[in-house]
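One structure is given below, encoded as structure tokens.
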Amino acid sequence: MTNSRRWASMLRLAVVAAVAAGLLGAASPNFVFVLADDLGWRDLGSYGSTYYETPHIDRLAADGVRFTDAYAAGNSCSPTRASILTGRYPASTHVTDWIPGRTPPGAKLKIPKWTNYLRHEETTLAEALSEAGYVTAAVGKWHLGQKGWWAEDHGFQFSVGGSHAGSHSNMFPPYWPAAKIQRLGWRPFPDERPGEYLTDRITREAEAFLDRHGDQPFFLYLSHYAVHTRIEGKPELVEKYRQKRPTDSQKNPEYAAMVEGLDQSVGAVAAKLEQLGVAERTVFVFFSDNGGLSKDGRITSNLPLRGEKSTAWEGGVRVPLIVRWPAQPGGLVVEEPVISVDLFPTILDIAGVDAQEQVDGKSLTPLLKGDEEFRRGPIFWHYPHYNAHTPIITCTPYGAVRDGPFKLLEFYEDGHTELYDLREDIGETSDLSAAMPDKTRELLAKLRSWRDSVRAQMPTKNPQADAARYREYKEERLWKPVDVFEQQTALPRP
């Protein structure tokens, strides 16, 4: 029996037990999971922004639990999305980079043959909750494989607006050019309305799903394209922020308008839950798939965090996480470090389905209930790739571990390490690896042991390494995209 089949068998037994205990049915908690794209840790009022206005998300934080030290499992989108839906680290699923990824010729290391789609062998939240009697819907961005590996192929009963597309071309129709839709197999939204903002279009679809299925236990995965580039806000909001004086390093009115548009979506969904009378039994999760894209402050600013999307430092992976669970105390602020793989077992735990031993994450329900003694334990990252969002390469292959206040990074090209005490140095300005050799060795041993335990794919020495060619590509950013179909077309169609 394969691991996935064994997991499914165990899940069915757990569901039977839950039904017998009366946990499922009309009283079952609903779930709304709103996932922002590229939203930085400090891009919300409740996380310290004084320029962007996010009253609806801030209300969610006031009524729920706000995590100060929450992390994406990847420094770019696809790995984190896979980790949310499976509860497994990118190193475990082998979805370790954004799809399709890029690789610079001549680099010192050759990236492994990673998996640029979410394998059918993985069990997703949608599959688990469908087994438990939930109606499931994925609305918006998917970005976990081409046709045959879309949301509806991974347990979602309803799916709209998602494909292997990683971003939009425009925030107003046409969201993607017709030629690109035809050439790459992307699918447009049905019922497009002239001038309808993409965030609003996605929200309208989510509201329609709630209207149809609000009287059943439901799981709504609402995955926005905002605030990913192309940076484009609704004109009336852009003008509002042009008239508003920036009070800190965040100052882009187009981006600010995108953030407020996202906040309006959260407000609309929350209002729909109230209208349907199900708000008080709906768990609402708000998260971002990686840190904010700064581009030297021209888009957003992650300060005081170091780095941005696609980097190894806090600005690349620390993100906002808010959970409103009406059955539990609200207004809590949690400083315990947590990571996106924890959301899968947390949701299943709340739903009454116990399958935590099959995943890398840990249920955060003790923290949601106000248990101040709960410790999640070390969290890990593994990124055997190269990436860039400026004219220079911003990330080389690395691994990292956070354990308590300490975070250690190991860079695979030369093996050097960096160690930071994030409680004292949130900006990662002072490398303690030389000053604290014992702690460095301890965390490095934990990181390497974890990599072995999940059978992480490691980069290898590149026999075609060419320093001059690498430097040319690094400086000119003449990157060659990896063919998204390279591995998938060799597979049998589902």
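Ordering of the structure tokens sets the chain letters (A, B, ...), residue numbers begin anew at 1 in every chain, and ligands are numbered from 1 in the order given.
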Looking only at alpha helix (DSSP H) from DSSP on the backbone, list the matching residues of stretch 134-272 of chain A as a ChimeraX atom specification.
-> /A:178-184,198-213,235-242,253-272
Selection near A:His164, 7 Å with only C-alpha atoms, sequence-local residues under 5 positions removed, as a PyMOL selection string | chain A and resi 142-146
Residues within 7 Å of stretch 216-222 of chain A, please, as a PDB file with all heavy atoms, in the first residue's frame. Count only C-alpha atoms; anything in the same chain fewer than 2 positions from it doesn't count.
```pdb
ATOM      1  N   ALA A  26     -24.229  19.766  10.319  1.00  0.00           N
ATOM      2  CA  ALA A  26     -24.627  21.172  10.297  1.00  0.00           C
ATOM      3  C   ALA A  26     -23.770  22.029  11.215  1.00  0.00           C
ATOM      4  O   ALA A  26     -23.576  23.211  10.964  1.00  0.00           O
ATOM      5  CB  ALA A  26     -26.101  21.290  10.680  1.00  0.00           C
ATOM      6  N   SER A  28     -20.597  21.654  11.842  1.00  0.00           N
ATOM      7  CA  SER A  28     -19.188  21.635  11.479  1.00  0.00           C
ATOM      8  C   SER A  28     -18.702  23.048  11.184  1.00  0.00           C
ATOM      9  O   SER A  28     -19.401  23.841  10.550  1.00  0.00           O
ATOM     10  CB  SER A  28     -18.973  20.755  10.241  1.00  0.00           C
ATOM     11  OG  SER A  28     -19.396  19.439  10.485  1.00  0.00           O
ATOM     12  N   PRO A  29     -17.481  23.384  11.607  1.00  0.00           N
ATOM     13  CA  PRO A  29     -16.951  24.712  11.280  1.00  0.00           C
ATOM     14  C   PRO A  29     -16.664  24.828   9.791  1.00  0.00           C
ATOM     15  O   PRO A  29     -16.215  23.874   9.156  1.00  0.00           O
ATOM     16  CB  PRO A  29     -15.666  24.793  12.107  1.00  0.00           C
ATOM     17  CG  PRO A  29     -15.252  23.367  12.297  1.00  0.00           C
ATOM     18  CD  PRO A  29     -16.535  22.580  12.390  1.00  0.00           C
ATOM     19  N   ASN A  30     -16.951  25.979   9.230  1.00  0.00           N
ATOM     20  CA  ASN A  30     -16.577  26.278   7.853  1.00  0.00           C
ATOM     21  C   ASN A  30     -15.183  26.892   7.839  1.00  0.00           C
ATOM     22  O   ASN A  30     -14.681  27.371   8.867  1.00  0.00           O
ATOM     23  CB  ASN A  30     -17.564  27.260   7.227  1.00  0.00           C
ATOM     24  CG  ASN A  30     -18.993  26.785   7.328  1.00  0.00           C
ATOM     25  OD1 ASN A  30     -19.306  25.663   6.961  1.00  0.00           O
ATOM     26  ND2 ASN A  30     -19.873  27.646   7.845  1.00  0.00           N
ATOM     27  N   PHE A  31     -14.573  26.943   6.656  1.00  0.00           N
ATOM     28  CA  PHE A  31     -13.243  27.529   6.519  1.00  0.00           C
ATOM     29  C   PHE A  31     -13.179  28.434   5.302  1.00  0.00           C
ATOM     30  O   PHE A  31     -13.550  28.023   4.198  1.00  0.00           O
ATOM     31  CB  PHE A  31     -12.183  26.428   6.394  1.00  0.00           C
ATOM     32  CG  PHE A  31     -12.097  25.533   7.591  1.00  0.00           C
ATOM     33  CD1 PHE A  31     -12.791  24.338   7.614  1.00  0.00           C
ATOM     34  CD2 PHE A  31     -11.349  25.891   8.698  1.00  0.00           C
ATOM     35  CE1 PHE A  31     -12.740  23.503   8.723  1.00  0.00           C
ATOM     36  CE2 PHE A  31     -11.287  25.070   9.813  1.00  0.00           C
ATOM     37  CZ  PHE A  31     -11.989  23.870   9.823  1.00  0.00           C
ATOM     38  N   VAL A  32     -12.715  29.649   5.513  1.00  0.00           N
ATOM     39  CA  VAL A  32     -12.360  30.559   4.427  1.00  0.00           C
ATOM     40  C   VAL A  32     -10.873  30.841   4.558  1.00  0.00           C
ATOM     41  O   VAL A  32     -10.417  31.320   5.610  1.00  0.00           O
ATOM     42  CB  VAL A  32     -13.158  31.873   4.494  1.00  0.00           C
ATOM     43  CG1 VAL A  32     -12.604  32.885   3.484  1.00  0.00           C
ATOM     44  CG2 VAL A  32     -14.636  31.624   4.230  1.00  0.00           C
ATOM     45  N   PHE A  33     -10.114  30.532   3.530  1.00  0.00           N
ATOM     46  CA  PHE A  33      -8.670  30.753   3.525  1.00  0.00           C
ATOM     47  C   PHE A  33      -8.366  31.758   2.426  1.00  0.00           C
ATOM     48  O   PHE A  33      -8.478  31.451   1.245  1.00  0.00           O
ATOM     49  CB  PHE A  33      -7.936  29.436   3.256  1.00  0.00           C
ATOM     50  CG  PHE A  33      -6.458  29.472   3.555  1.00  0.00           C
ATOM     51  CD1 PHE A  33      -5.905  28.611   4.479  1.00  0.00           C
ATOM     52  CD2 PHE A  33      -5.619  30.378   2.906  1.00  0.00           C
ATOM     53  CE1 PHE A  33      -4.542  28.631   4.763  1.00  0.00           C
ATOM     54  CE2 PHE A  33      -4.265  30.425   3.185  1.00  0.00           C
ATOM     55  CZ  PHE A  33      -3.723  29.541   4.119  1.00  0.00           C
ATOM     56  N   VAL A  34      -8.005  32.978   2.813  1.00  0.00           N
ATOM     57  CA  VAL A  34      -7.637  34.018   1.856  1.00  0.00           C
ATOM     58  C   VAL A  34      -6.117  34.076   1.767  1.00  0.00           C
ATOM     59  O   VAL A  34      -5.432  34.310   2.771  1.00  0.00           O
ATOM     60  CB  VAL A  34      -8.206  35.388   2.261  1.00  0.00           C
ATOM     61  CG1 VAL A  34      -7.728  36.471   1.285  1.00  0.00           C
ATOM     62  CG2 VAL A  34      -9.730  35.342   2.293  1.00  0.00           C
ATOM     63  N   LEU A  35      -5.603  33.868   0.570  1.00  0.00           N
ATOM     64  CA  LEU A  35      -4.164  33.871   0.338  1.00  0.00           C
ATOM     65  C   LEU A  35      -3.796  35.043  -0.558  1.00  0.00           C
ATOM     66  O   LEU A  35      -4.256  35.124  -1.703  1.00  0.00           O
ATOM     67  CB  LEU A  35      -3.724  32.554  -0.300  1.00  0.00           C
ATOM     68  CG  LEU A  35      -2.222  32.375  -0.542  1.00  0.00           C
ATOM     69  CD1 LEU A  35      -1.452  32.436   0.770  1.00  0.00           C
ATOM     70  CD2 LEU A  35      -1.947  31.057  -1.265  1.00  0.00           C
ATOM     71  N   TYR A 134     -17.162  18.075   3.356  1.00  0.00           N
ATOM     72  CA  TYR A 134     -17.143  19.491   3.026  1.00  0.00           C
ATOM     73  C   TYR A 134     -17.315  19.719   1.522  1.00  0.00           C
ATOM     74  O   TYR A 134     -16.860  18.915   0.707  1.00  0.00           O
ATOM     75  CB  TYR A 134     -15.821  20.127   3.463  1.00  0.00           C
ATOM     76  CG  TYR A 134     -15.755  20.459   4.938  1.00  0.00           C
ATOM     77  CD1 TYR A 134     -15.514  19.460   5.878  1.00  0.00           C
ATOM     78  CD2 TYR A 134     -15.930  21.761   5.387  1.00  0.00           C
ATOM     79  CE1 TYR A 134     -15.452  19.747   7.223  1.00  0.00           C
ATOM     80  CE2 TYR A 134     -15.864  22.064   6.734  1.00  0.00           C
ATOM     81  CZ  TYR A 134     -15.625  21.055   7.655  1.00  0.00           C
ATOM     82  OH  TYR A 134     -15.576  21.338   8.996  1.00  0.00           O
ATOM     83  N   VAL A 135     -17.934  20.842   1.175  1.00  0.00           N
ATOM     84  CA  VAL A 135     -17.929  21.333  -0.197  1.00  0.00           C
ATOM     85  C   VAL A 135     -16.699  22.228  -0.331  1.00  0.00           C
ATOM     86  O   VAL A 135     -16.489  23.115   0.498  1.00  0.00           O
ATOM     87  CB  VAL A 135     -19.203  22.131  -0.517  1.00  0.00           C
ATOM     88  CG1 VAL A 135     -19.185  22.606  -1.967  1.00  0.00           C
ATOM     89  CG2 VAL A 135     -20.430  21.285  -0.248  1.00  0.00           C
ATOM     90  N   THR A 136     -15.904  22.017  -1.374  1.00  0.00           N
ATOM     91  CA  THR A 136     -14.627  22.718  -1.488  1.00  0.00           C
ATOM     92  C   THR A 136     -14.552  23.507  -2.787  1.00  0.00           C
ATOM     93  O   THR A 136     -15.011  23.051  -3.834  1.00  0.00           O
ATOM     94  CB  THR A 136     -13.456  21.718  -1.428  1.00  0.00           C
ATOM     95  OG1 THR A 136     -13.571  20.785  -2.512  1.00  0.00           O
ATOM     96  CG2 THR A 136     -13.454  20.948  -0.115  1.00  0.00           C
ATOM     97  N   ALA A 137     -13.955  24.687  -2.712  1.00  0.00           N
ATOM     98  CA  ALA A 137     -13.821  25.546  -3.888  1.00  0.00           C
ATOM     99  C   ALA A 137     -12.474  26.249  -3.877  1.00  0.00           C
ATOM    100  O   ALA A 137     -12.018  26.720  -2.823  1.00  0.00           O
ATOM    101  CB  ALA A 137     -14.941  26.575  -3.938  1.00  0.00           C
ATOM    102  N   ALA A 138     -11.834  26.310  -5.043  1.00  0.00           N
ATOM    103  CA  ALA A 138     -10.618  27.089  -5.249  1.00  0.00           C
ATOM    104  C   ALA A 138     -10.946  28.217  -6.211  1.00  0.00           C
ATOM    105  O   ALA A 138     -11.347  27.957  -7.352  1.00  0.00           O
ATOM    106  CB  ALA A 138      -9.500  26.218  -5.806  1.00  0.00           C
ATOM    107  N   VAL A 139     -10.790  29.437  -5.757  1.00  0.00           N
ATOM    108  CA  VAL A 139     -11.101  30.608  -6.572  1.00  0.00           C
ATOM    109  C   VAL A 139      -9.831  31.448  -6.693  1.00  0.00           C
ATOM    110  O   VAL A 139      -9.257  31.870  -5.690  1.00  0.00           O
ATOM    111  CB  VAL A 139     -12.231  31.439  -5.948  1.00  0.00           C
ATOM    112  CG1 VAL A 139     -12.498  32.684  -6.792  1.00  0.00           C
ATOM    113  CG2 VAL A 139     -13.501  30.604  -5.800  1.00  0.00           C
ATOM    114  N   GLY A 140      -9.386  31.681  -7.940  1.00  0.00           N
ATOM    115  CA  GLY A 140      -8.219  32.516  -8.158  1.00  0.00           C
ATOM    116  C   GLY A 140      -6.972  31.719  -8.486  1.00  0.00           C
ATOM    117  O   GLY A 140      -7.037  30.616  -9.031  1.00  0.00           O
ATOM    118  N   ALA A 206     -16.185  34.194  -5.372  1.00  0.00           N
ATOM    119  CA  ALA A 206     -16.204  33.636  -4.011  1.00  0.00           C
ATOM    120  C   ALA A 206     -17.560  33.859  -3.351  1.00  0.00           C
ATOM    121  O   ALA A 206     -18.111  32.958  -2.689  1.00  0.00           O
ATOM    122  CB  ALA A 206     -15.100  34.269  -3.176  1.00  0.00           C
ATOM    123  N   HIS A 213     -23.547  27.571  -1.407  1.00  0.00           N
ATOM    124  CA  HIS A 213     -23.196  26.470  -0.506  1.00  0.00           C
ATOM    125  C   HIS A 213     -23.018  26.906   0.947  1.00  0.00           C
ATOM    126  O   HIS A 213     -22.484  26.134   1.754  1.00  0.00           O
ATOM    127  CB  HIS A 213     -21.910  25.793  -0.999  1.00  0.00           C
ATOM    128  CG  HIS A 213     -22.046  25.220  -2.368  1.00  0.00           C
ATOM    129  ND1 HIS A 213     -22.760  24.068  -2.624  1.00  0.00           N
ATOM    130  CD2 HIS A 213     -21.580  25.656  -3.572  1.00  0.00           C
ATOM    131  CE1 HIS A 213     -22.714  23.816  -3.919  1.00  0.00           C
ATOM    132  NE2 HIS A 213     -22.012  24.752  -4.516  1.00  0.00           N
ATOM    133  N   GLY A 214     -23.473  28.096   1.293  1.00  0.00           N
ATOM    134  CA  GLY A 214     -23.310  28.579   2.660  1.00  0.00           C
ATOM    135  C   GLY A 214     -24.076  27.778   3.692  1.00  0.00           C
ATOM    136  O   GLY A 214     -23.790  27.890   4.895  1.00  0.00           O
ATOM    137  N   HIS A 224      -5.744  35.133  -4.233  1.00  0.00           N
ATOM    138  CA  HIS A 224      -5.690  36.340  -5.058  1.00  0.00           C
ATOM    139  C   HIS A 224      -4.410  36.418  -5.892  1.00  0.00           C
ATOM    140  O   HIS A 224      -3.366  35.907  -5.504  1.00  0.00           O
ATOM    141  CB  HIS A 224      -5.788  37.580  -4.171  1.00  0.00           C
ATOM    142  CG  HIS A 224      -7.188  37.888  -3.740  1.00  0.00           C
ATOM    143  ND1 HIS A 224      -8.116  38.445  -4.591  1.00  0.00           N
ATOM    144  CD2 HIS A 224      -7.814  37.702  -2.555  1.00  0.00           C
ATOM    145  CE1 HIS A 224      -9.257  38.610  -3.939  1.00  0.00           C
ATOM    146  NE2 HIS A 224      -9.115  38.156  -2.712  1.00  0.00           N
TER     147      HIS A 224
END
```
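Closest approach to A:Leu129 among A:Arg451, A:Lys439, A:Arg183, A:His154 is made by A:His154 (distances from only C-alpha atoms).
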Of the residues A:Gln358, A:Thr282, A:Pro194, A:Val95, which is the one nearest to A:Thr123, using only C-alpha atoms?
-> A:Gln358
Pick from A:Lys251, A:Arg471, A:Lys369, A:Arg324, whichever lies nearest to A:Ser49 using only C-alpha atoms = A:Lys251
Compile the contact shell of A:Phe411 as a VMD selection string: residues with an atom at most 7 Å away, counting only C-alpha atoms, same-chain residues fewer than 2 positions apart removed.
-> chain A and resid 397 to 399 409 413 to 417
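Those residues that approach A:Tyr420 to within 10 Å, counting only C-alpha atoms, are Arg402, Pro405, Phe406, Lys407, Leu408, Leu409, Ile426, Gly427, Glu428, Thr429, Ser430, Asp431, Leu432, Ser433, Met436 and Thr440 of chain A; same-chain residues fewer than 6 positions away are not listed.
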Coordinates-based distance that separates atom CA of A:Arg318 from atom CA of A:Asp289 (Å, one decimal) | 9.5 Å
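Once A:Asp58 and its same-chain neighbours fewer than 4 positions away are set aside, Leu44, Gly45, Ser46, Tyr47, Glu53, Thr54, Ala62, Asp63, Gly64, Arg66, Asp263 and Ile322 of chain A remain within 10 Å of it when counting only C-alpha atoms.
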If we count only C-alpha atoms, what is near A:Ala256 at a cut-off of 8 Å, once residues fewer than 2 positions away on the same chain are taken out, given as an mmCIF file with N, CA, C and O atoms, in the first residue's frame?
```cif
data_model
loop_
_atom_site.group_PDB
_atom_site.id
_atom_site.type_symbol
_atom_site.label_atom_id
_atom_site.label_comp_id
_atom_site.auth_asym_id
_atom_site.auth_seq_id
_atom_site.Cartn_x
_atom_site.Cartn_y
_atom_site.Cartn_z
ATOM 1 N N TYR A 51 0.816 53.819 5.976
ATOM 2 C CA TYR A 51 0.452 54.373 4.658
ATOM 3 C C TYR A 51 -0.681 53.574 4.026
ATOM 4 O O TYR A 51 -1.682 54.135 3.588
ATOM 5 N N TYR A 52 -0.544 52.257 3.985
ATOM 6 C CA TYR A 52 -1.606 51.413 3.443
ATOM 7 C C TYR A 52 -2.770 51.349 4.439
ATOM 8 O O TYR A 52 -2.554 51.303 5.652
ATOM 9 N N GLU A 53 -3.974 51.323 3.910
ATOM 10 C CA GLU A 53 -5.166 51.267 4.763
ATOM 11 C C GLU A 53 -5.862 49.928 4.569
ATOM 12 O O GLU A 53 -6.305 49.595 3.470
ATOM 13 N N GLY A 233 -3.609 49.532 -9.538
ATOM 14 C CA GLY A 233 -4.735 49.676 -8.626
ATOM 15 C C GLY A 233 -5.945 50.291 -9.298
ATOM 16 O O GLY A 233 -5.869 50.793 -10.417
ATOM 17 N N VAL A 238 -5.982 54.755 -6.386
ATOM 18 C CA VAL A 238 -4.660 55.301 -6.713
ATOM 19 C C VAL A 238 -4.640 56.801 -6.455
ATOM 20 O O VAL A 238 -3.704 57.349 -5.852
ATOM 21 N N TYR A 241 -4.351 57.679 -2.756
ATOM 22 C CA TYR A 241 -3.013 57.577 -2.170
ATOM 23 C C TYR A 241 -2.046 58.589 -2.756
ATOM 24 O O TYR A 241 -1.056 58.946 -2.102
ATOM 25 N N LYS A 251 5.434 54.027 -0.035
ATOM 26 C CA LYS A 251 5.026 55.264 -0.679
ATOM 27 C C LYS A 251 4.468 55.112 -2.086
ATOM 28 O O LYS A 251 4.168 56.105 -2.745
ATOM 29 N N ASN A 252 4.310 53.899 -2.598
ATOM 30 C CA ASN A 252 3.834 53.698 -3.961
ATOM 31 C C ASN A 252 2.308 53.708 -3.984
ATOM 32 O O ASN A 252 1.668 52.788 -3.469
ATOM 33 N N PRO A 253 1.660 54.710 -4.593
ATOM 34 C CA PRO A 253 0.191 54.776 -4.572
ATOM 35 C C PRO A 253 -0.485 53.658 -5.341
ATOM 36 O O PRO A 253 -1.583 53.226 -4.971
ATOM 37 N N GLU A 254 0.124 53.169 -6.427
ATOM 38 C CA GLU A 254 -0.470 52.056 -7.171
ATOM 39 C C GLU A 254 -0.491 50.791 -6.306
ATOM 40 O O GLU A 254 -1.488 50.065 -6.260
ATOM 41 N N MET A 258 -3.610 48.580 -4.598
ATOM 42 C CA MET A 258 -3.764 47.124 -4.700
ATOM 43 C C MET A 258 -3.997 46.503 -3.326
ATOM 44 O O MET A 258 -4.835 45.601 -3.165
ATOM 45 N N VAL A 259 -3.253 46.977 -2.332
ATOM 46 C CA VAL A 259 -3.413 46.451 -0.979
ATOM 47 C C VAL A 259 -4.814 46.754 -0.457
ATOM 48 O O VAL A 259 -5.473 45.883 0.123
ATOM 49 N N GLU A 260 -5.288 47.978 -0.670
ATOM 50 C CA GLU A 260 -6.629 48.308 -0.186
ATOM 51 C C GLU A 260 -7.696 47.536 -0.961
ATOM 52 O O GLU A 260 -8.732 47.156 -0.397
#
```
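From atom CA of A:Ile202 back to atom CA of A:Pro177, the distance works out to 17.8 Å.
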